[in-house]
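Novice: The following file, start-v8.cif, comprises mmCIF, C-alpha atoms:
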data_run
#
loop_
_atom_site.label_atom_id
_atom_site.label_comp_id
_atom_site.auth_asym_id
_atom_site.auth_seq_id
_atom_site.Cartn_x
_atom_site.Cartn_y
_atom_site.Cartn_z
CA MET A 1 110.91 140.80 109.29
CA ASN A 2 107.89 139.01 110.76
CA ALA A 3 105.81 140.01 107.73
CA ILE A 4 108.41 138.43 105.41
CA LEU A 5 108.43 135.17 107.46
CA ASP A 6 104.62 135.04 107.38
CA THR A 7 104.68 135.44 103.61
CA LEU A 8 107.22 132.62 103.24
CA ARG A 9 105.13 130.32 105.44
CA THR A 10 102.06 131.07 103.35
CA ASP A 11 103.94 130.33 100.13
CA LEU A 12 105.32 127.03 101.49
CA ALA A 13 101.89 125.94 102.72
CA ALA A 14 100.46 126.55 99.28
CA LEU A 15 103.26 124.68 97.48
CA PRO A 16 101.65 121.18 97.52
CA ASP A 17 98.45 122.59 95.99
CA GLN A 18 100.45 124.34 93.29
CA ARG A 19 102.32 121.11 92.51
CA ARG A 20 99.03 119.24 92.23
CA LEU A 21 97.79 121.82 89.74
CA VAL A 22 100.96 121.43 87.67
CA ALA A 23 100.83 117.60 87.90
CA SER A 24 98.12 117.22 85.28
CA GLY A 25 97.68 116.74 81.57
CA ARG A 26 95.20 115.79 78.86
CA VAL A 27 94.30 112.37 77.49
CA THR A 28 95.93 111.92 74.07
CA ARG A 29 95.13 108.26 73.44
CA PHE A 30 92.70 105.73 74.89
CA ASP A 31 92.73 102.01 74.12
CA GLY A 32 90.66 99.73 76.37
CA GLN A 33 92.02 100.17 79.91
CA ILE A 34 95.32 101.75 78.81
CA LEU A 35 95.43 105.49 78.20
CA GLU A 36 98.16 108.01 77.38
CA CYS A 37 98.26 111.61 78.51
CA ASP A 38 100.60 114.57 78.28
CA GLY A 39 103.77 114.01 80.23
CA PHE A 40 103.90 115.60 83.67
CA PRO A 41 106.10 114.90 86.74
CA VAL A 42 104.68 111.89 88.58
CA LEU A 43 106.00 108.63 90.01
CA VAL A 44 105.15 105.23 88.59
CA GLY A 45 102.44 103.81 90.85
CA ALA A 46 100.80 107.16 91.53
CA VAL A 47 97.00 107.33 91.35
CA CYS A 48 95.39 109.90 89.05
CA LYS A 49 91.88 111.23 88.51
CA VAL A 50 90.61 111.17 84.92
CA GLU A 51 87.73 113.29 83.67
CA THR A 52 84.89 111.45 81.92
CA ASN A 53 81.91 112.57 79.87
CA ASP A 54 79.40 111.52 82.57
CA HIS A 55 80.96 113.87 85.16
CA GLU A 56 82.04 110.91 87.34
CA PRO A 57 85.86 110.96 87.47
CA ALA A 58 87.61 107.65 86.95
CA LEU A 59 90.77 106.52 88.75
CA ALA A 60 93.87 105.28 86.98
CA GLU A 61 97.38 104.29 88.00
CA VAL A 62 100.59 105.42 86.30
CA ILE A 63 102.35 102.32 84.98
CA GLY A 64 105.10 103.81 82.82
CA LEU A 65 106.28 106.30 80.23
CA ARG A 66 106.26 106.17 76.43
CA ASP A 67 107.65 108.82 74.05
CA GLY A 68 107.41 111.57 76.65
CA ARG A 69 103.84 110.68 77.65
CA ASN A 70 102.50 109.05 80.79
CA LEU A 71 100.90 105.61 80.52
CA LEU A 72 98.00 104.87 82.86
CA PHE A 73 95.88 101.81 83.56
CA LEU A 74 92.25 102.44 84.47
CA TYR A 75 90.74 101.02 87.64
CA ASP A 76 87.17 101.40 86.32
CA LEU A 77 86.41 98.85 83.63
CA ASP A 78 83.56 100.89 82.10
CA ALA A 79 84.95 104.40 82.48
CA ARG A 80 83.66 106.80 79.76
CA VAL A 81 86.98 108.48 78.98
CA GLU A 82 87.30 110.92 76.07
CA ILE A 83 90.32 112.28 74.24
CA GLY A 84 91.22 115.62 75.82
CA GLY A 85 89.94 114.76 79.29
CA ARG A 86 92.07 116.14 82.11
CA VAL A 87 94.29 113.77 84.11
CA THR A 88 95.31 114.96 87.58
CA ALA A 89 97.58 113.25 90.13
CA ILE A 90 95.85 112.78 93.50
CA GLU A 91 98.19 110.31 95.27
CA ALA A 92 101.77 111.01 94.34
CA ASP A 93 103.78 109.50 97.21
CA ASN A 94 102.51 105.87 96.90
CA ARG A 95 102.00 105.47 100.66
CA ILE A 96 98.98 103.95 102.35
CA LYS A 97 97.26 104.53 105.67
CA VAL A 98 97.77 101.83 108.29
CA GLY A 99 97.27 101.45 112.01
CA PRO A 100 95.46 99.45 114.69
CA GLU A 101 92.19 100.97 113.48
CA LEU A 102 92.26 98.41 110.65
CA LEU A 103 91.73 95.47 113.01
CA GLY A 104 88.30 93.96 112.64
CA ARG A 105 87.64 95.72 109.31
CA VAL A 106 87.19 94.69 105.69
CA ILE A 107 88.70 97.04 103.10
CA ASP A 108 89.23 97.14 99.33
CA ALA A 109 92.41 97.68 97.32
CA GLN A 110 92.24 101.44 97.85
CA GLY A 111 91.69 101.21 101.60
CA ASN A 112 87.97 102.01 101.51
CA PRO A 113 85.79 100.11 104.01
CA LEU A 114 83.50 97.40 102.63
CA ASP A 115 81.91 96.32 105.90
CA LYS A 116 79.49 99.23 106.49
CA LEU A 117 80.97 99.83 109.94
CA GLY A 118 81.52 103.52 109.41
CA PRO A 119 84.44 105.61 108.16
CA LEU A 120 87.98 104.32 108.51
CA LEU A 121 90.74 106.78 109.39
CA PRO A 122 94.02 104.97 110.14
CA SER A 123 96.56 107.10 111.96
CA LYS A 124 99.87 105.88 110.43
CA SER A 125 101.34 105.51 106.95
CA TRP A 126 103.50 102.89 105.27
CA PRO A 127 105.03 102.53 101.76
CA LEU A 128 102.77 100.47 99.53
CA MET A 129 105.76 98.60 98.10
CA GLY A 130 107.38 98.10 101.52
CA ARG A 131 110.74 99.01 102.95
CA PRO A 132 113.92 97.16 101.94
CA LEU A 133 115.18 94.83 104.67
CA ASN A 134 118.80 93.70 104.94
CA PRO A 135 118.70 89.90 104.57
CA LEU A 136 121.56 89.54 107.05
CA ALA A 137 119.57 91.50 109.63
CA ARG A 138 116.62 89.10 109.54
CA LYS A 139 116.17 86.89 112.57
CA PRO A 140 116.26 83.13 111.93
CA VAL A 141 113.10 81.04 111.94
CA ALA A 142 113.53 79.35 115.31
CA GLN A 143 110.11 78.91 116.96
CA PRO A 144 107.00 77.04 115.84
CA LEU A 145 103.68 78.76 115.23
CA ASP A 146 100.51 77.01 116.35
CA VAL A 147 98.05 77.21 113.43
CA GLY A 148 95.38 75.08 115.12
CA VAL A 149 95.36 72.34 112.44
CA ARG A 150 96.59 68.95 113.68
CA VAL A 151 98.13 67.58 110.49
CA VAL A 152 100.05 70.83 109.88
CA ASN A 153 101.19 71.26 113.49
CA ALA A 154 102.44 67.68 113.81
CA LEU A 155 103.64 66.64 110.36
CA LEU A 156 104.38 69.95 108.59
CA SER A 157 105.30 72.20 111.51
CA VAL A 158 105.27 75.89 110.63
CA GLY A 159 107.86 78.31 112.00
CA ARG A 160 107.28 81.95 112.92
CA GLY A 161 108.30 83.85 109.81
CA GLN A 162 108.07 80.92 107.40
CA ARG A 163 106.52 81.34 103.92
CA LEU A 164 104.48 78.40 102.62
CA GLY A 165 102.34 77.68 99.61
CA ILE A 166 99.05 75.80 99.63
CA ILE A 167 98.91 74.12 96.22
CA ALA A 168 95.54 72.80 95.15
CA GLY A 169 93.10 72.41 92.32
CA SER A 170 89.58 73.72 92.55
CA GLY A 171 87.15 72.28 95.06
CA VAL A 172 89.52 70.39 97.36
CA GLY A 173 88.95 72.41 100.52
CA LYS A 174 91.63 75.09 100.58
CA SER A 175 89.17 77.78 101.74
CA VAL A 176 88.09 75.64 104.70
CA LEU A 177 91.73 75.01 105.65
CA LEU A 178 92.50 78.73 105.48
CA SER A 179 89.49 79.65 107.60
CA MET A 180 90.58 77.10 110.23
CA MET A 181 94.06 78.64 110.39
CA THR A 182 92.58 82.12 110.63
CA ARG A 183 90.29 81.24 113.55
CA PHE A 184 92.62 78.90 115.46
CA SER A 185 96.07 80.43 114.92
CA GLU A 186 97.90 81.94 117.90
CA ALA A 187 99.16 84.86 115.78
CA GLU A 188 98.56 88.31 117.26
CA VAL A 189 97.47 89.88 113.96
CA ILE A 190 95.99 88.10 110.93
CA VAL A 191 95.86 89.77 107.50
CA VAL A 192 93.70 87.99 104.93
CA ALA A 193 94.00 89.02 101.28
CA LEU A 194 91.18 87.71 99.08
CA ILE A 195 92.45 88.49 95.58
CA GLY A 196 90.58 87.63 92.41
CA GLU A 197 88.01 85.35 94.04
CA ARG A 198 84.32 85.17 93.16
CA GLY A 199 82.11 87.61 95.03
CA ARG A 200 80.12 84.82 96.64
CA GLU A 201 83.29 83.19 97.99
CA VAL A 202 84.55 86.54 99.30
CA GLY A 203 81.38 87.04 101.33
CA ALA A 204 81.44 83.48 102.68
CA MET A 205 85.13 83.71 103.61
CA VAL A 206 84.69 87.04 105.39
CA GLU A 207 81.79 85.61 107.38
CA GLN A 208 83.92 82.64 108.45
CA VAL A 209 87.10 84.50 109.44
CA MET A 210 85.30 87.38 111.13
CA GLY A 211 83.31 85.18 113.47
CA GLY A 212 83.85 85.01 117.22
CA ASP A 213 86.84 86.41 119.08
CA ALA A 214 89.13 86.19 116.03
CA ARG A 215 87.54 89.33 114.58
CA ARG A 216 89.43 91.69 116.87
CA LYS A 217 92.78 90.66 115.36
CA VAL A 218 91.85 90.19 111.68
CA VAL A 219 92.17 92.59 108.73
CA VAL A 220 90.62 91.53 105.41
CA VAL A 221 91.61 93.06 102.06
CA ALA A 222 89.05 91.92 99.48
CA VAL A 223 89.40 92.51 95.73
CA PRO A 224 86.96 90.29 93.79
CA ALA A 225 87.56 88.92 90.31
CA ASP A 226 85.47 91.61 88.59
CA ARG A 227 87.84 94.40 89.65
CA SER A 228 90.60 95.84 87.48
CA ALA A 229 93.84 93.87 87.15
CA LEU A 230 95.81 96.71 88.75
CA LEU A 231 93.42 96.80 91.69
CA ARG A 232 94.02 93.10 92.25
CA ILE A 233 97.77 93.67 92.24
CA ARG A 234 97.40 96.72 94.47
CA GLY A 235 95.27 94.70 96.90
CA ALA A 236 98.05 92.13 97.26
CA HIS A 237 100.63 94.86 97.92
CA ARG A 238 98.30 96.64 100.37
CA ALA A 239 97.75 93.48 102.42
CA THR A 240 101.51 92.83 102.50
CA ALA A 241 102.19 96.45 103.52
CA ILE A 242 99.67 96.17 106.38
CA ALA A 243 101.40 92.99 107.57
CA GLU A 244 104.78 94.74 107.36
CA TYR A 245 103.53 97.61 109.51
CA PHE A 246 102.34 95.29 112.26
CA ARG A 247 105.60 93.31 112.06
CA ALA A 248 107.52 96.55 112.61
CA GLN A 249 105.43 97.05 115.77
CA GLY A 250 106.77 93.74 117.14
CA LYS A 251 103.65 91.70 116.38
CA GLU A 252 103.49 88.07 115.28
CA VAL A 253 101.55 88.34 112.02
CA LEU A 254 99.85 85.67 109.94
CA LEU A 255 99.40 86.69 106.29
CA ILE A 256 97.04 84.60 104.18
CA MET A 257 96.82 85.41 100.47
CA ASP A 258 94.18 83.68 98.40
CA SER A 259 95.37 83.47 95.77
CA LEU A 260 98.87 84.11 94.45
CA THR A 261 97.81 82.68 91.10
CA ARG A 262 95.13 85.39 90.66
CA VAL A 263 97.78 88.04 91.35
CA ALA A 264 99.96 86.45 88.67
CA HIS A 265 97.02 86.44 86.25
CA ALA A 266 96.47 90.15 86.92
CA ARG A 267 100.15 90.89 86.27
CA ARG A 268 99.95 88.89 83.04
CA GLU A 269 96.94 90.96 81.94
CA VAL A 270 98.80 94.21 82.56
CA GLY A 271 102.02 92.95 80.96
CA LEU A 272 100.31 91.82 77.79
CA ALA A 273 98.42 95.13 77.57
CA LEU A 274 101.78 96.91 77.71
CA GLY A 275 103.16 94.81 74.88
CA GLU A 276 105.31 92.33 76.84
CA GLN A 277 106.04 89.15 74.96
CA PRO A 278 104.50 86.02 76.51
CA THR A 279 107.05 83.33 77.33
CA VAL A 280 106.13 80.19 79.30
CA LYS A 281 102.44 79.28 78.88
CA GLY A 282 101.48 82.86 78.07
CA TYR A 283 103.11 84.49 81.10
CA PRO A 284 105.35 87.52 80.41
CA PRO A 285 108.66 87.93 82.31
CA SER A 286 107.15 90.49 84.71
CA VAL A 287 105.08 87.72 86.35
CA VAL A 288 108.21 85.76 87.23
CA SER A 289 109.71 88.86 88.89
CA LEU A 290 106.49 89.83 90.72
CA ILE A 291 106.15 86.61 92.74
CA PRO A 292 109.57 86.73 94.47
CA ALA A 293 109.24 90.48 95.04
CA LEU A 294 105.91 89.95 96.80
CA VAL A 295 106.84 86.84 98.77
CA GLU A 296 110.20 88.14 100.00
CA ARG A 297 108.49 91.03 101.79
CA SER A 298 107.10 88.60 104.36
CA GLY A 299 109.19 86.52 106.77
CA THR A 300 111.07 87.42 109.92
CA GLY A 301 111.98 90.99 110.77
CA SER A 302 115.12 92.49 112.24
CA GLU A 303 115.94 92.66 115.95
CA GLY A 304 113.06 94.10 117.96
CA GLU A 305 110.50 93.37 115.23
CA GLY A 306 108.01 90.55 114.93
CA ALA A 307 107.58 88.12 112.04
CA ILE A 308 105.17 87.56 109.16
CA THR A 309 104.24 83.91 108.72
CA SER A 310 102.59 83.68 105.32
CA PHE A 311 100.44 81.21 103.41
CA TYR A 312 99.93 81.72 99.67
CA THR A 313 97.40 79.60 97.84
CA VAL A 314 98.50 78.50 94.39
CA LEU A 315 95.89 77.12 91.99
CA ALA A 316 96.97 74.10 89.98
CA ASP A 317 94.95 74.15 86.75
CA GLY A 318 93.68 70.66 86.03
CA ASP A 319 95.47 69.45 89.20
CA ASP A 320 98.76 69.83 87.30
CA THR A 321 101.38 70.61 89.96
CA THR A 322 104.45 69.97 87.79
CA ASN A 323 104.12 72.03 84.60
CA ASP A 324 102.51 75.24 85.81
CA PRO A 325 104.99 78.18 85.79
CA VAL A 326 103.31 79.90 88.76
CA VAL A 327 103.47 76.69 90.81
CA ASP A 328 107.14 76.18 89.89
CA THR A 329 108.12 79.77 90.67
CA ALA A 330 106.25 79.78 93.99
CA ARG A 331 107.64 76.41 95.05
CA ALA A 332 111.19 77.59 94.33
CA ILE A 333 110.94 80.77 96.43
CA LEU A 334 108.79 79.54 99.35
CA ASP A 335 110.00 77.73 102.49
CA GLY A 336 107.72 74.76 101.90
CA HIS A 337 104.40 73.79 100.43
CA ILE A 338 101.22 71.95 101.41
CA LEU A 339 99.66 69.95 98.60
CA LEU A 340 95.93 69.25 98.80
CA SER A 341 94.97 66.00 97.11
CA ARG A 342 91.75 65.38 95.19
CA HIS A 343 92.28 61.65 95.76
CA GLN A 344 92.05 62.19 99.52
CA THR A 345 88.86 64.18 99.16
CA GLN A 346 87.41 61.19 97.32
CA LEU A 347 88.40 59.06 100.30
CA GLY A 348 86.63 61.52 102.61
CA ILE A 349 89.84 62.69 104.32
CA TYR A 350 89.59 66.39 105.26
CA PRO A 351 91.72 68.49 105.40
CA ALA A 352 92.89 66.80 102.20
CA VAL A 353 96.60 67.32 102.94
CA ASP A 354 98.83 64.97 100.96
CA ILE A 355 101.60 64.59 103.50
CA THR A 356 103.71 62.43 101.17
CA ALA A 357 103.97 65.30 98.66
CA SER A 358 104.11 68.19 101.16
CA VAL A 359 107.15 69.55 102.94
CA SER A 360 108.11 72.14 105.55
CA ARG A 361 111.72 73.15 105.02
CA VAL A 362 112.20 74.52 108.53
CA MET A 363 110.56 71.70 110.50
CA SER A 364 113.91 70.17 111.43
CA ASP A 365 114.96 73.51 112.98
CA ILE A 366 111.90 74.05 115.18
CA THR A 367 110.83 70.58 116.38
CA PRO A 368 112.48 67.96 118.64
CA PRO A 369 114.02 64.77 117.17
CA ARG A 370 111.24 62.56 118.58
CA GLN A 371 108.58 64.46 116.65
CA GLN A 372 110.68 64.40 113.48
CA ALA A 373 111.17 60.64 113.74
CA ALA A 374 107.46 60.08 114.39
CA ALA A 375 106.50 62.29 111.44
CA THR A 376 108.89 60.40 109.12
CA ARG A 377 107.43 57.06 110.19
CA PHE A 378 103.87 58.38 109.76
CA ARG A 379 104.63 59.49 106.19
CA ARG A 380 106.20 56.12 105.37
CA LEU A 381 103.18 54.18 106.58
CA VAL A 382 100.75 56.39 104.65
CA SER A 383 102.87 56.11 101.52
CA LEU A 384 103.07 52.30 101.82
CA TYR A 385 99.32 51.96 102.19
CA LEU A 386 98.44 54.25 99.27
CA GLU A 387 101.02 52.64 96.96
CA ASN A 388 99.63 49.14 97.63
CA ARG A 389 95.94 49.95 98.08
CA ASP A 390 94.90 48.88 94.58
CA LEU A 391 96.98 45.71 94.83
CA MET A 392 95.29 44.77 98.11
CA LEU A 393 91.82 45.50 96.73
CA MET A 394 92.49 43.11 93.85
CA GLY A 395 93.61 40.38 96.27
CA GLY A 396 97.21 40.43 95.10
CA TYR A 397 98.71 40.76 98.57
CA GLN A 398 98.69 38.27 101.41
CA SER A 399 99.11 39.36 105.03
CA GLY A 400 102.55 38.54 106.43
CA GLN A 401 104.58 39.26 103.30
CA ASP A 402 105.63 42.76 104.43
CA PRO A 403 105.58 43.63 108.17
CA ASP A 404 105.64 47.38 107.46
CA LEU A 405 102.69 47.13 105.09
CA ASP A 406 100.81 44.99 107.59
CA LEU A 407 101.40 47.67 110.20
CA ALA A 408 100.20 50.36 107.79
CA VAL A 409 97.01 48.39 107.09
CA SER A 410 96.31 47.84 110.79
CA LEU A 411 96.96 51.50 111.63
CA TRP A 412 95.19 52.99 108.61
CA PRO A 413 92.00 53.95 110.52
CA LYS A 414 94.14 55.69 113.15
CA LEU A 415 96.29 57.39 110.50
CA THR A 416 93.30 58.81 108.66
CA GLY A 417 91.66 59.71 111.97
CA PHE A 418 94.74 61.72 112.89
CA ILE A 419 94.62 63.67 109.62
CA LYS A 420 90.88 64.29 109.77
CA GLN A 421 89.71 67.35 111.67
CA ALA A 422 86.33 69.03 111.83
CA PRO A 423 86.33 72.71 110.75
CA ASN A 424 85.12 73.83 114.20
CA GLU A 425 87.58 71.78 116.29
CA PRO A 426 90.97 73.38 117.03
CA ALA A 427 94.03 71.25 117.75
CA SER A 428 96.89 72.89 119.62
CA PHE A 429 100.54 72.35 118.71
CA ALA A 430 101.33 70.59 122.00
CA GLU A 431 98.38 68.22 121.68
CA SER A 432 99.19 67.44 118.04
CA GLN A 433 102.82 66.70 118.89
CA LYS A 434 101.88 64.50 121.85
CA ASP A 435 99.27 62.49 119.89
CA LEU A 436 101.65 61.90 116.98
CA ILE A 437 104.48 60.62 119.18
CA ALA A 438 102.10 58.43 121.21
CA MET A 439 100.69 56.81 118.03
CA MET A 440 104.04 56.15 116.38
CA GLU A 441 105.83 54.94 119.51
CA GLY A 442 102.91 53.01 120.95
#
Is it possible to express this structure as structure tokens?
Specialist:
Amino acid sequence: MNAILDTLRTDLAALPDQRRLVASGRVTRFDGQILECDGFPVLVGAVCKVETNDHEPALAEVIGLRDGRNLLFLYDLDARVEIGGRVTAIEADNRIKVGPELLGRVIDAQGNPLDKLGPLLPSKSWPLMGRPLNPLARKPVAQPLDVGVRVVNALLSVGRGQRLGIIAGSGVGKSVLLSMMTRFSEAEVIVVALIGERGREVGAMVEQVMGGDARRKVVVVAVPADRSALLRIRGAHRATAIAEYFRAQGKEVLLIMDSLTRVAHARREVGLALGEQPTVKGYPPSVVSLIPALVERSGTGSEGEGAITSFYTVLADGDDTTNDPVVDTARAILDGHILLSRHQTQLGIYPAVDITASVSRVMSDITPPRQQAAATRFRRLVSLYLENRDLMLMGGYQSGQDPDLDLAVSLWPKLTGFIKQAPNEPASFAESQKDLIAMMEG
């Protein structure tokens, strides 16, 4: 009897290896980064190894089925794949390794370390695409999160578990604002996803966010622009999965994704390669479904869990914030947005937050009435000044005609001084609230 049990145990132990041998096929078609192979049992999203003619196997991800064959998208842009090369599944369960070992590390889309700090062996696992969460089980957004930036803390207060977009054109200071939040935020864990950025910017951003004491609570997932489109998408999902794991451990997590637009561009590239029809401004329907699916994974958790407060940067091509489909989709699903203004950068106001065009949809739930009233008055004074600035410069306005405008003119240096903040100077939530109320009630 014991001999029979030993034989059964041996057979069961060998079963995964046998399945891996069966889960393979041969390349039947190769077109750019898309290849087809013989159909074999494998899940969509599984990673496969593809033989090449230079004896360096390439990696590809299963993205669908067509006429009984598996469709795969190559990770390696210059892989030397040949017809007849063997395709073998190596990651079939679509789970990733997570754990506290990730803190203080920089990894790529596949979880490999980029920081030359030695091997990385996380002890836990988590589904790459997350776990479904009952929306009725989510805790409400009820407490503010101190992000260390005065204008955001006081005028656009962020709640624990809120999802916000940072909408900006190129060169208006979004990277500086993100690095300030990363270094000054009171979050227990910070996950930074650098998706589709230039290699130089990735290195500079990592150097900024990994400096000082903040390093011990930061995880960076970096996938530069020269990587495969699927790796960029996978990097976004990996960063979100890491944040979900820490939320399940009861941690207050800050997720920063720079940028959501690059993820959408990657999804567009894959969709068009698969034959999807472009709809609005060249984006296929799969882009519109990707953004909500990614964003909705963040937010508050259920009872006993923490929360993921998330910031997603959205690039506005040509500073167009009204006709871009990615901007519109993100603005509709997020709990608020922060618009960075090129006009304010020209005035030398940094961070260049346009408070008249920005909104936090949960601010009224997490701040006292005095702060809300002061913030409303602050916005009105800034709006009055900017609307009449050209008129005053041309001499078309005389002091005394509008008491509110006169007040805005007299307070303008203080208003801009309140918005301005040096990149190395943190401003706590309590201090920001106190200074705002004192200015507006004084």
Novice: Using the chain letters and numbers from the file, give me the residues hit by the PyMOL selection byres ((chain A and resi 386) around 12), as a ChimeraX atom specification.
Specialist: /A:343-344,347,354-356,379-385,387-393,405,408-409,412,415-416
Novice: I need the residues from that last selection saved to file as a compact mmCIF listing (two decimals), in the coordinates of the input (with C-alpha atoms), if you can.
Specialist:
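This went into out_3.txt:
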# COMPACT_ATOMS: atom_id res chain seq x y z
CA HIS A 343 92.28 61.65 95.76
CA GLN A 344 92.05 62.19 99.52
CA LEU A 347 88.40 59.06 100.30
CA ASP A 354 98.83 64.97 100.96
CA ILE A 355 101.60 64.59 103.50
CA THR A 356 103.71 62.43 101.17
CA ARG A 379 104.63 59.49 106.19
CA ARG A 380 106.20 56.12 105.37
CA LEU A 381 103.18 54.18 106.58
CA VAL A 382 100.75 56.39 104.65
CA SER A 383 102.87 56.11 101.52
CA LEU A 384 103.07 52.30 101.82
CA TYR A 385 99.32 51.96 102.19
CA GLU A 387 101.02 52.64 96.96
CA ASN A 388 99.63 49.14 97.63
CA ARG A 389 95.94 49.95 98.08
CA ASP A 390 94.90 48.88 94.58
CA LEU A 391 96.98 45.71 94.83
CA MET A 392 95.29 44.77 98.11
CA LEU A 393 91.82 45.50 96.73
CA LEU A 405 102.69 47.13 105.09
CA ALA A 408 100.20 50.36 107.79
CA VAL A 409 97.01 48.39 107.09
CA TRP A 412 95.19 52.99 108.61
CA LEU A 415 96.29 57.39 110.50
CA THR A 416 93.30 58.81 108.66
Novice: Which one of A:Gly165, A:Pro351, A:Gly301, A:Pro127 sits closest to A:Ile338 if you count all atoms listed in the file?
Specialist: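 Checking each candidate against A:Ile338, we get A:Gly165 as the closest.
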Novice: Going by the chain IDs and residue numbers used in this file, which residues fall under the PyMOL selection byres ((chain A and resi 87) around 6)? Write them as a ChimeraX atom specification.
Specialist: /A:24-26,49-50,86,88
Novice: What residues come out when you apply the PyMOL selection byres ((chain A and resi 45) around 7) to this file, written as a list in words?
Specialist: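 When the PyMOL selection byres ((chain A and resi 45) around 7) is applied to the shown file, the picked residues are Leu43, Val44, Ala46, Val47, Glu61, Val62, Ile63 and Asn94 of chain A.
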Novice: Separation of atom CA of A:Thr309 and atom CA of A:Ile190, in Å?
Specialist: 9.5 Å
Novice: Restricting the calculation to all atoms listed in the file: of A:Asp31, A:Asp38, A:Glu441, A:Glu296, which residue gets closest to A:Ala330?
Specialist: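 Looking only at the distances to A:Ala330, the closest residue turns out to be A:Glu296.
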Novice: Using atom CA of A:Arg232 and atom CA of A:Leu274 as the two end points, give the distance in Å to one decimal.
Specialist: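 If I compute the distance from atom CA of A:Arg232 to atom CA of A:Leu274, I get 16.9 Å.
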Novice: For a quick check of understanding, using only C-alpha atoms, which of A:Asn70, A:Ser179, A:Gln143, A:Thr376 has the smallest distance to A:Glu36?
Specialist: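 Going through A:Asn70, A:Ser179, A:Gln143, A:Thr376 one by one, the smallest distance to A:Glu36 is for A:Asn70.
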Novice: Pick from A:Leu231, A:Ile90, A:Leu177, A:Ala187: nearest to A:Gly111, with only C-alpha atoms counted?
Specialist: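 Of A:Leu231, A:Ile90, A:Leu177, A:Ala187, the one nearest A:Gly111, counting only C-alpha atoms, is A:Leu231.
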Novice: Nearest residue to A:Phe73 out of A:Met363, A:Leu114, A:Val270, A:Ala427, using all atoms listed in the file?
Specialist: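 Selected residue with least distance to A:Phe73: A:Val270.
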Novice: Need the shell around A:Gly99: protein/DNA/RNA residues with any atom at most 12 Å away, counting all atoms listed in the file. Skip same-chain ones fewer than 2 positions apart. Format as number ranges by chain?
Specialist: A: 96-97, 101-105, 111, 120-126, 189, 219, 241-249
Novice: Restricting the calculation to only C-alpha atoms, which member of A:Pro41, A:Gly400, A:Gly148, A:Gly84 is positioned closest to A:Gly68?
Specialist: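 Of all the options, A:Pro41 lies closest to A:Gly68.
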